[in-house]
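Just final.cif here, mmCIF, C-alpha atoms:
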data_structure
loop_
_atom_site.label_atom_id
_atom_site.label_comp_id
_atom_site.auth_asym_id
_atom_site.auth_seq_id
_atom_site.Cartn_x
_atom_site.Cartn_y
_atom_site.Cartn_z
CA MET A 1 -122.50 13.33 25.12
CA SER A 2 -119.16 11.63 24.35
CA ALA A 3 -117.63 9.71 27.22
CA ASP A 4 -114.07 10.83 26.35
CA ILE A 5 -114.76 14.44 27.40
CA PRO A 6 -113.45 14.90 30.98
CA PHE A 7 -115.75 16.26 33.66
CA GLY A 8 -115.31 17.78 37.12
CA ASP A 9 -111.84 17.56 38.68
CA ASP A 10 -110.62 15.48 35.77
CA ARG A 11 -111.14 18.40 33.31
CA PRO A 12 -107.75 19.91 32.29
CA LEU A 13 -107.22 23.64 33.00
CA PRO A 14 -106.74 25.93 29.98
CA PRO A 15 -103.38 27.71 29.65
CA PRO A 16 -103.36 31.24 31.14
CA LEU A 17 -103.95 34.14 28.74
CA THR A 18 -101.06 36.38 27.85
CA ALA A 19 -101.31 40.12 28.52
CA ASP A 20 -102.04 40.82 24.84
CA GLU A 21 -104.71 38.14 24.72
CA LEU A 22 -106.31 39.51 27.88
CA ALA A 23 -106.41 43.03 26.42
CA LEU A 24 -107.99 41.76 23.18
CA ALA A 25 -110.57 39.81 25.17
CA ARG A 26 -111.55 42.89 27.17
CA GLN A 27 -111.86 44.97 24.02
CA ALA A 28 -114.09 42.35 22.44
CA ARG A 29 -116.31 42.09 25.49
CA ALA A 30 -116.56 45.91 25.74
CA HIS A 31 -117.55 46.02 22.06
CA LEU A 32 -120.20 43.38 22.51
CA ASN A 33 -121.57 44.90 25.69
CA GLY A 34 -121.59 48.40 24.22
CA HIS A 35 -119.60 49.94 27.06
CA ASN A 36 -116.06 50.05 28.39
CA GLU A 37 -114.59 47.83 31.05
CA PRO A 38 -115.55 49.17 34.50
CA ALA A 39 -112.77 51.16 36.11
CA ASP A 40 -110.98 49.80 39.11
CA PRO A 41 -112.68 50.84 42.34
CA GLN A 42 -111.21 53.96 43.93
CA PRO A 43 -109.63 53.61 47.36
CA ASN A 44 -111.73 54.76 50.26
CA SER A 45 -110.59 58.31 51.11
CA TRP A 46 -112.88 58.36 54.15
CA GLN A 47 -110.32 56.61 56.31
CA PRO A 48 -108.45 58.35 59.12
CA ALA A 49 -104.83 59.15 58.32
CA ASN A 50 -101.79 59.46 60.55
CA LEU A 51 -100.99 63.18 60.59
CA ILE A 52 -97.41 62.58 61.76
CA GLN A 53 -96.72 60.10 58.96
CA LEU A 54 -98.12 62.54 56.42
CA ALA A 55 -95.25 64.88 57.37
CA ALA A 56 -97.45 67.93 56.93
CA ASN A 57 -95.41 71.11 56.51
CA PRO A 58 -96.27 74.08 58.75
CA PRO A 59 -97.36 77.30 57.02
CA ALA A 60 -94.39 79.16 55.52
CA PRO A 61 -94.04 82.97 55.39
CA PRO A 62 -95.15 84.77 52.21
CA THR A 63 -92.28 84.74 49.73
CA ILE A 64 -93.95 86.42 46.73
CA GLY A 65 -93.18 90.08 47.26
CA GLY A 66 -93.39 89.44 51.00
CA LEU A 67 -97.15 89.47 50.51
CA LEU A 68 -98.45 86.27 48.88
CA TYR A 69 -97.90 82.56 49.45
CA PRO A 70 -97.06 80.10 46.66
CA ALA A 71 -99.66 77.41 45.96
CA LYS A 72 -102.43 79.16 47.92
CA ARG A 73 -105.80 80.29 46.57
CA THR A 74 -105.69 84.08 46.53
CA VAL A 75 -108.22 86.84 45.87
CA LEU A 76 -107.42 90.54 45.41
CA SER A 77 -110.72 92.42 45.45
CA GLY A 78 -111.62 96.07 45.27
CA GLU A 79 -113.54 98.75 43.45
CA THR A 80 -112.58 100.05 40.01
CA GLU A 81 -109.30 102.00 39.86
CA SER A 82 -108.18 100.71 43.25
CA MET A 83 -104.87 99.51 41.72
CA LYS A 84 -105.38 95.74 42.02
CA THR A 85 -103.80 95.15 38.63
CA TRP A 86 -100.88 97.41 39.47
CA LEU A 87 -100.09 95.46 42.63
CA ALA A 88 -100.33 92.15 40.77
CA LEU A 89 -97.86 93.48 38.19
CA ILE A 90 -95.54 94.72 40.94
CA LEU A 91 -95.57 91.22 42.43
CA CYS A 92 -94.79 89.83 38.97
CA LYS A 93 -91.80 92.16 38.81
CA ALA A 94 -90.65 90.93 42.22
CA GLU A 95 -90.66 87.35 40.91
CA LEU A 96 -88.97 88.26 37.63
CA ASP A 97 -86.24 90.11 39.51
CA ILE A 98 -85.08 86.86 41.14
CA GLY A 99 -85.38 84.87 37.93
CA ILE A 100 -88.70 83.12 38.59
CA PRO A 101 -91.23 83.04 35.71
CA VAL A 102 -94.81 84.21 36.18
CA GLY A 103 -98.08 83.53 34.39
CA TRP A 104 -100.77 86.08 33.51
CA VAL A 105 -104.21 85.29 32.06
CA ASP A 106 -105.69 88.42 30.47
CA LEU A 107 -109.47 88.12 30.30
CA ASP A 108 -110.35 91.71 31.22
CA ALA A 109 -109.47 93.41 27.93
CA MET A 110 -106.11 94.75 29.11
CA GLY A 111 -104.45 93.78 25.85
CA PRO A 112 -100.78 93.13 25.05
CA GLY A 113 -100.00 96.78 24.37
CA ALA A 114 -101.21 98.10 27.73
CA MET A 115 -99.66 95.14 29.53
CA LEU A 116 -96.25 95.78 28.00
CA GLU A 117 -96.49 99.50 28.73
CA ARG A 118 -97.21 98.91 32.40
CA LEU A 119 -94.37 96.43 32.78
CA HIS A 120 -92.00 98.95 31.19
CA LEU A 121 -93.26 101.69 33.52
CA LEU A 122 -92.48 99.46 36.48
CA GLY A 123 -88.94 98.97 35.23
CA VAL A 124 -89.20 95.43 33.86
CA GLU A 125 -86.71 94.79 31.04
CA ASP A 126 -87.63 93.28 27.68
CA ASP A 127 -85.35 90.27 28.20
CA GLN A 128 -87.11 89.50 31.49
CA ILE A 129 -90.51 89.72 29.80
CA GLU A 130 -89.51 87.61 26.81
CA ALA A 131 -87.90 84.90 28.91
CA ASN A 132 -90.17 84.62 31.92
CA PHE A 133 -93.47 86.52 31.54
CA LEU A 134 -95.98 83.96 30.24
CA TYR A 135 -98.91 85.92 28.81
CA TYR A 136 -102.20 84.16 28.03
CA GLU A 137 -105.12 85.75 26.19
CA PRO A 138 -107.55 82.80 25.79
CA SER A 139 -110.90 82.90 24.05
CA GLN A 140 -112.08 79.30 24.46
CA MET A 141 -113.18 77.07 27.31
CA LEU A 142 -110.37 75.54 29.34
CA ASP A 143 -110.78 71.80 28.93
CA LYS A 144 -108.85 69.10 30.75
CA PRO A 145 -106.03 68.70 28.18
CA MET A 146 -105.49 72.46 28.09
CA LEU A 147 -105.44 72.70 31.88
CA ASP A 148 -102.97 69.81 32.01
CA GLU A 149 -100.73 71.69 29.58
CA VAL A 150 -100.93 74.85 31.71
CA THR A 151 -100.15 73.04 34.96
CA THR A 152 -97.29 71.14 33.33
CA THR A 153 -95.79 74.46 32.24
CA ILE A 154 -96.23 75.84 35.77
CA GLN A 155 -94.47 72.86 37.28
CA GLU A 156 -91.65 72.64 34.75
CA ARG A 157 -90.89 76.38 34.87
CA GLY A 158 -91.18 76.66 38.64
CA ILE A 159 -93.91 79.32 38.46
CA ARG A 160 -95.18 80.52 41.85
CA LEU A 161 -97.47 83.37 40.76
CA PHE A 162 -100.29 82.79 38.27
CA VAL A 163 -102.56 85.83 37.92
CA ILE A 164 -106.06 85.53 36.44
CA ASP A 165 -107.57 88.88 35.49
CA ALA A 166 -110.39 88.66 36.32
CA PHE A 167 -112.50 86.25 38.39
CA ASN A 168 -115.87 86.69 36.68
CA PRO A 169 -114.53 86.43 33.10
CA ILE A 170 -112.76 83.13 33.80
CA LEU A 171 -115.94 81.75 35.37
CA GLY A 172 -117.92 82.82 32.30
CA LEU A 173 -115.36 81.28 29.96
CA LEU A 174 -115.79 77.98 31.79
CA GLY A 175 -119.58 78.19 31.66
CA PHE A 176 -119.87 78.85 35.40
CA ASP A 177 -122.21 81.37 37.02
CA TYR A 178 -120.40 83.73 39.40
CA GLU A 179 -123.54 84.03 41.54
CA LYS A 180 -123.90 80.29 42.12
CA THR A 181 -121.94 78.85 45.01
CA ARG A 182 -121.77 75.40 43.42
CA ASP A 183 -120.24 76.80 40.23
CA VAL A 184 -117.65 78.84 42.11
CA GLU A 185 -116.72 75.78 44.17
CA LYS A 186 -116.30 73.79 40.95
CA PHE A 187 -113.81 76.41 39.79
CA TRP A 188 -111.83 76.25 43.01
CA THR A 189 -111.59 72.45 42.91
CA SER A 190 -111.30 71.79 39.17
CA VAL A 191 -109.10 74.72 38.05
CA ALA A 192 -107.52 76.53 41.01
CA ASP A 193 -106.51 73.42 42.94
CA PRO A 194 -104.57 71.84 40.03
CA ILE A 195 -102.71 75.16 39.68
CA CYS A 196 -101.92 75.03 43.40
CA ALA A 197 -100.82 71.41 43.11
CA ALA A 198 -98.40 72.46 40.37
CA GLY A 199 -96.79 74.93 42.79
CA ALA A 200 -98.35 78.30 41.87
CA ALA A 201 -100.73 80.63 43.65
CA PRO A 202 -103.81 81.29 41.49
CA VAL A 203 -104.34 85.02 42.13
CA MET A 204 -107.86 86.11 41.22
CA LEU A 205 -108.47 89.82 40.60
CA ASP A 206 -112.07 90.58 41.49
CA HIS A 207 -114.51 93.46 41.85
CA VAL A 208 -116.71 94.28 44.83
CA VAL A 209 -120.36 95.29 44.90
CA LYS A 210 -121.03 98.90 43.96
CA ASN A 211 -122.99 99.77 47.09
CA ALA A 212 -120.34 100.47 49.74
CA ASP A 213 -122.88 100.04 52.55
CA ASN A 214 -123.53 96.43 51.48
CA ARG A 215 -119.97 95.64 50.45
CA GLY A 216 -118.34 94.26 53.56
CA LYS A 217 -115.43 92.00 52.72
CA TYR A 218 -117.08 90.11 49.91
CA SER A 219 -116.49 90.12 46.20
CA ILE A 220 -119.38 90.54 43.79
CA GLY A 221 -121.35 87.31 43.36
CA SER A 222 -121.32 84.17 45.45
CA GLU A 223 -119.81 84.36 48.92
CA ARG A 224 -117.80 81.25 48.00
CA LYS A 225 -115.43 83.43 45.98
CA ALA A 226 -114.21 84.92 49.24
CA THR A 227 -114.69 82.00 51.61
CA GLY A 228 -113.04 79.58 49.20
CA SER A 229 -109.83 81.59 49.19
CA ILE A 230 -106.90 81.03 51.52
CA ILE A 231 -105.69 84.63 51.18
CA HIS A 232 -108.06 87.55 50.56
CA ILE A 233 -106.79 91.12 50.40
CA GLY A 234 -109.21 93.99 49.91
CA PHE A 235 -108.38 97.29 48.20
CA LYS A 236 -109.95 100.57 49.25
CA LEU A 237 -109.25 103.44 46.88
CA LEU A 238 -107.91 106.50 48.66
CA GLU A 239 -106.56 108.54 45.76
CA THR A 240 -106.87 107.83 42.06
CA LEU A 241 -103.61 107.47 40.16
CA GLU A 242 -102.98 110.31 37.73
CA ARG A 243 -100.44 110.74 34.98
CA GLY A 244 -97.76 112.83 36.56
CA GLY A 245 -99.46 112.41 39.95
CA ARG A 246 -99.97 109.91 42.72
CA GLY A 247 -102.42 107.14 43.63
CA ARG A 248 -103.06 105.45 46.96
CA SER A 249 -105.05 102.44 48.06
CA LEU A 250 -105.49 100.88 51.49
CA LEU A 251 -104.82 97.12 51.62
CA THR A 252 -106.94 95.31 54.20
CA VAL A 253 -106.47 91.67 55.20
CA HIS A 254 -109.89 90.01 54.94
CA LYS A 255 -108.45 86.51 55.26
CA ASP A 256 -104.99 85.08 55.90
CA ARG A 257 -105.10 81.46 56.93
CA PRO A 258 -101.30 81.06 57.35
CA GLY A 259 -101.44 84.10 59.63
CA TYR A 260 -98.29 86.02 58.69
CA LEU A 261 -99.82 89.26 57.38
CA GLN A 262 -100.34 92.27 59.61
CA ARG A 263 -103.97 92.92 60.54
CA PRO A 264 -106.20 94.73 60.06
CA SER A 265 -104.23 96.49 57.33
CA ILE A 266 -101.03 95.57 55.52
CA GLY A 267 -100.44 99.20 54.62
CA ARG A 268 -101.16 101.69 51.89
CA LEU A 269 -100.00 101.03 48.35
CA VAL A 270 -98.59 104.26 46.94
CA LEU A 271 -97.87 104.71 43.23
CA THR A 272 -96.26 107.84 41.85
CA SER A 273 -96.05 108.63 38.16
CA THR A 274 -92.71 110.20 37.24
CA ASP A 275 -90.83 110.89 34.04
CA ASP A 276 -88.92 107.65 34.63
CA GLY A 277 -91.97 105.41 35.11
CA ILE A 278 -94.09 104.30 38.03
CA ALA A 279 -92.52 104.37 41.49
CA TYR A 280 -94.14 102.23 44.16
CA GLN A 281 -94.00 101.29 47.81
CA LEU A 282 -96.10 100.11 50.71
CA GLU A 283 -96.27 102.54 53.61
CA ALA A 284 -97.60 101.83 57.08
CA ASP A 285 -101.26 102.53 57.72
CA LYS A 286 -101.39 104.94 60.64
CA SER A 287 -105.15 105.31 60.79
CA HIS A 288 -105.46 102.40 63.25
CA ASP A 289 -102.90 103.65 65.74
CA THR A 290 -104.85 103.66 68.98
CA ASP A 291 -102.49 106.16 70.65
CA LYS A 292 -102.93 108.74 67.93
CA PHE A 293 -105.26 111.61 68.75
CA ARG A 294 -108.05 111.88 66.18
CA PRO A 295 -110.17 115.06 66.45
CA THR A 296 -113.06 113.42 64.67
CA VAL A 297 -115.56 116.22 65.24
CA LEU A 298 -113.26 118.79 63.66
CA MET A 299 -112.31 116.35 60.91
CA GLN A 300 -115.97 116.11 59.87
CA ARG A 301 -116.39 119.89 60.02
CA ILE A 302 -113.39 120.44 57.73
CA SER A 303 -114.53 117.69 55.36
CA GLU A 304 -118.04 119.11 55.07
CA HIS A 305 -116.61 122.58 54.51
CA LEU A 306 -114.28 121.42 51.72
CA GLU A 307 -117.06 119.45 50.05
CA LYS A 308 -118.94 122.70 49.47
CA GLN A 309 -116.02 124.47 47.80
CA THR A 310 -115.45 124.89 44.08
CA ALA A 311 -111.76 125.76 44.46
CA PRO A 312 -108.93 124.58 46.74
CA LEU A 313 -108.44 126.33 50.08
CA SER A 314 -105.33 127.22 52.05
CA GLN A 315 -104.83 126.10 55.61
CA THR A 316 -105.21 129.66 56.83
CA THR A 317 -108.61 129.97 55.16
CA ILE A 318 -109.77 126.62 56.56
CA VAL A 319 -108.69 127.47 60.11
CA THR A 320 -110.44 130.83 59.82
CA ASP A 321 -113.70 129.56 58.33
CA VAL A 322 -114.22 126.34 60.33
CA PRO A 323 -115.25 126.67 64.00
CA GLY A 324 -112.70 125.31 66.45
CA LYS A 325 -109.32 125.96 68.02
CA ALA A 326 -106.61 126.65 65.45
CA GLU A 327 -104.14 124.04 66.71
CA ALA A 328 -106.79 121.30 66.84
CA LEU A 329 -108.05 122.26 63.37
CA ARG A 330 -104.53 121.96 61.96
CA THR A 331 -104.21 118.49 63.53
CA ALA A 332 -107.59 117.50 62.09
CA LEU A 333 -106.60 118.73 58.64
CA GLN A 334 -103.32 116.83 58.69
CA THR A 335 -105.13 113.68 59.85
CA LEU A 336 -107.54 113.98 56.93
CA VAL A 337 -104.55 114.24 54.61
CA ASP A 338 -102.81 111.24 56.19
CA ASP A 339 -105.95 109.13 55.83
CA ALA A 340 -106.52 110.30 52.24
CA TYR A 341 -109.79 112.12 52.79
CA VAL A 342 -108.21 115.41 51.74
CA LYS A 343 -105.57 116.07 49.11
CA ALA A 344 -102.76 118.55 49.70
CA ASP A 345 -101.18 120.06 46.58
CA PRO A 346 -97.95 122.03 47.02
CA ALA A 347 -98.43 125.71 46.28
CA PRO A 348 -96.05 127.45 43.84
CA LYS A 349 -94.36 129.45 46.59
CA LYS A 350 -95.07 128.03 50.03
CA GLY A 351 -97.48 125.77 51.85
CA HIS A 352 -100.29 123.71 50.38
CA PHE A 353 -103.79 123.96 49.00
CA TYR A 354 -106.46 121.47 50.07
CA THR A 355 -109.30 119.76 48.23
CA THR A 356 -111.61 116.95 49.24
CA ILE A 357 -111.00 113.43 47.94
CA ARG A 358 -113.90 111.68 49.65
CA PRO A 359 -116.27 112.62 52.47
CA TYR A 360 -115.28 111.96 56.05
CA ARG A 361 -117.93 111.25 58.67
CA GLU A 362 -117.26 110.67 62.35
CA ALA A 363 -119.91 107.94 62.53
CA SER A 364 -118.01 105.77 60.06
CA ASP A 365 -114.64 106.27 61.76
CA THR A 366 -114.16 102.98 63.60
CA PRO A 367 -110.43 102.33 63.96
CA ASN A 368 -109.56 98.86 65.15
CA THR A 369 -108.79 99.04 68.86
CA THR A 370 -107.13 95.62 68.96
CA PRO A 371 -104.74 95.38 66.02
CA SER A 372 -102.46 92.38 65.83
CA GLN A 373 -99.00 92.74 67.31
CA PRO A 374 -96.50 94.43 64.96
CA ARG A 375 -94.23 92.03 63.15
CA PRO A 376 -90.92 92.60 61.36
CA HIS A 377 -92.59 92.00 58.00
CA SER A 378 -95.81 93.88 58.78
CA VAL A 379 -95.19 96.21 55.83
CA PRO A 380 -93.88 94.00 53.00
CA THR A 381 -90.92 95.27 50.99
CA LEU A 382 -92.48 93.99 47.74
CA ARG A 383 -89.37 91.90 47.12
CA SER A 384 -89.59 88.18 46.48
CA THR A 385 -87.45 85.55 48.15
CA PRO A 386 -86.88 81.99 46.94
CA THR A 387 -89.19 79.36 48.39
CA LEU A 388 -87.62 77.26 51.13
CA HIS A 389 -88.30 74.08 49.14
CA PRO A 390 -88.94 75.18 45.55
CA VAL A 391 -90.05 72.88 42.78
CA PRO A 392 -86.99 71.95 40.68
CA SER A 393 -87.15 73.28 37.16
CA PRO A 394 -84.54 73.65 34.41
CA PRO A 395 -84.44 77.47 34.41
CA LEU A 396 -83.86 77.66 38.18
CA TRP A 397 -81.72 74.68 39.18
CA GLY A 398 -78.11 73.70 38.63
CA THR A 399 -76.66 70.28 38.00
CA GLY A 400 -74.81 69.82 41.30
CA THR A 401 -75.92 67.90 44.35
CA GLY A 402 -77.10 69.68 47.46
CA SER A 403 -76.47 68.71 51.05
CA ASP A 404 -79.75 66.82 51.17
CA GLY A 405 -78.85 64.73 48.13
CA GLY A 406 -81.20 66.63 45.83
CA PRO A 407 -80.38 69.08 43.07
CA GLU A 408 -78.38 72.10 44.16
CA PRO A 409 -80.26 75.38 43.74
CA LYS A 410 -78.82 77.61 41.08
CA THR A 411 -77.74 81.02 42.31
CA VAL A 412 -80.41 83.52 41.35
CA PRO A 413 -79.65 87.17 40.66
CA THR A 414 -79.94 89.70 43.44
CA PRO A 415 -83.31 91.45 43.23
CA SER A 416 -83.06 94.78 41.50
CA GLN A 417 -84.02 97.80 43.56
CA PRO A 418 -87.66 98.71 42.97
CA ILE A 419 -87.85 102.23 41.71
CA GLY A 420 -90.16 102.87 44.61
CA ASP A 421 -87.21 102.70 47.02
CA THR A 422 -86.11 106.18 46.02
CA ILE A 423 -89.44 107.74 46.98
CA PRO A 424 -89.23 109.94 50.09
CA GLU A 425 -91.64 109.47 52.97
CA TYR A 426 -95.15 110.22 51.78
CA ASP A 427 -96.36 112.08 54.84
CA PHE A 428 -96.66 115.73 54.01
CA PRO A 429 -94.36 118.23 55.82
CA PRO A 430 -95.76 120.33 58.63
CA ILE A 431 -98.35 122.75 57.37
CA ASP A 432 -97.25 126.35 57.23
CA GLU A 433 -99.42 129.25 58.24
CA GLY A 434 -98.74 131.25 55.12
CA GLN A 435 -100.33 129.98 51.92
CA ALA A 436 -100.07 131.05 48.29
CA ASP A 437 -103.07 131.94 46.21
CA ASP A 438 -102.25 130.08 43.00
CA LEU A 439 -102.68 126.39 42.29
CA ASP A 440 -101.20 124.39 39.46
CA ASP A 441 -103.55 122.58 37.14
CA THR A 442 -104.39 119.06 38.26
CA PRO A 443 -103.25 116.34 35.79
CA ASP A 444 -105.88 114.28 34.12
CA ARG A 445 -106.70 110.90 35.65
CA TRP A 446 -105.29 107.85 33.97
CA PHE A 447 -105.25 104.07 34.30
CA ASP A 448 -108.50 102.40 35.23
CA ARG A 449 -107.19 99.72 37.60
#

Represent the structure from my file as structure tokens, please.
Amino acid sequence: MSADIPFGDDRPLPPPLTADELALARQARAHLNGHNEPADPQPNSWQPANLIQLAANPPAPPTIGGLLYPAKRTVLSGETESMKTWLALILCKAELDIGIPVGWVDLDAMGPGAMLERLHLLGVEDDQIEANFLYYEPSQMLDKPMLDEVTTTIQERGIRLFVIDAFNPILGLLGFDYEKTRDVEKFWTSVADPICAAGAAPVMLDHVVKNADNRGKYSIGSERKATGSIIHIGFKLLETLERGGRGRSLLTVHKDRPGYLQRPSIGRLVLTSTDDGIAYQLEADKSHDTDKFRPTVLMQRISEHLEKQTAPLSQTTIVTDVPGKAEALRTALQTLVDDAYVKADPAPKKGHFYTTIRPYREASDTPNTTPSQPRPHSVPTLRSTPTLHPVPSPPLWGTGTGSDGGPEPKTVPTPSQPIGDTIPEYDFPPIDEGQADDLDDTPDRWFDR
């Protein structure tokens, strides 16, 4: 070996590589080794954090229609025709009325035509729909770039409500099995959580098991669909919506981690089909009032009697045919009407005629004896309010500077009055003794959700 080649400490150091040279060297080594450069090690997330320094925000009240929370996993579950889709659309209207865009993923064969019809029936204007109703009808798997595009749109537009109709179809589109807990958890973490991080509540419309005895509070499939949610509201059909008629559904709070919703029931969603569209409101659920007298024995007798009939009956006929004191029987009948076990149709001249909606049995009547304390917002108004700290977005923010140094919120329009505000109280008037003999034809049922 030549003596003029330096060794050890006498060997000169080579000049440092430039950034471009370093990148080329890594590419060459990755090519030769047949794999990419190892990624930088991830920081250890299993380290305790200072909760005060994290400045965690306390739970805020529900601002979406007074019912839902932005950026929270949400499930609306119920049987077919229990009006889950209608409520989701009403909440969309509440957001649109204050100028906030919404997203809707249609995977349950609703179709653009039916969607547009329902929005029109609820009083949503075409300019609102065109500007701020983001309608998706996907037919391919949602990969990472597509999800990034969706979440970017959510963040840039300031979307707070992102409805996915329905839970099982989106799982199938992603190749997940709705009966496998691991697959459902993958959906929550890989799809729902990025939507939450962008500022929107992923609202999953879901069905319940057919057997009411085995239903409980769970959706069909893995229990993780329900337990993985932050908000879970169940729908119990009381009266099917009819064209020219009325539909009712009881909304029960299965889960509310922030704790602002009234338990056990938010109220009863009431939809009425009129010549002008669909009127809506939430009315208080009186079936859990512990001070209210419930003649359960007579209620079951009346229910069983009506179940055997082939034609509607007047109150006079019911009081005459069913054993019991007349006054108590009238109270029992009115209670069955209030709780949507019996339907009262106005007679052409005076009074009402009564038909059964669903069987009532005393054994299944278990009103909650310890409801939560009433709150001012226990029955939501179905109006949205701006988030206390909304995500800035061009459609919603002005160019000025607020008191905190950030962008000044742009003034949003006053929410339009829901057409449901003009509906009178839904409790039927006191039942008269005299009853007519004729009954108008019952309108055909319509709308399947």

Place a sphere of radius 10 Å on (-92.2, 112.4, 37.8) in the file coordinates and name every protein, DNA or RNA residue with an atom inside or on its surface, counting all atoms listed in the file; give the answer as an NGL selection string. :A and (243-246 or 272-279)

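You will find CA of Pro194 in chain A at 9.6 Å from CA of Val150 in chain A.
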
Residues picked by the PyMOL selection byres ((chain A and resi 60) around 8) here, as a list of chain:residue names?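 Taken on the displayed file, the PyMOL selection byres ((chain A and resi 60) around 8) yields the residues A:Pro58, A:Pro59, A:Pro61, A:Pro62, A:Tyr69, A:Pro258.
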
Taking the file as shown, find all residues satisfying the PyMOL selection byres ((chain A and resi 154-171) around 7) and write them as a ChimeraX atom specification. /A:70-71,100-108,150-153,172-178,198-206,391-395

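If you look at CA of Ser303 in chain A and CA of Ile357 in chain A, they are 9.3 Å away from each other.
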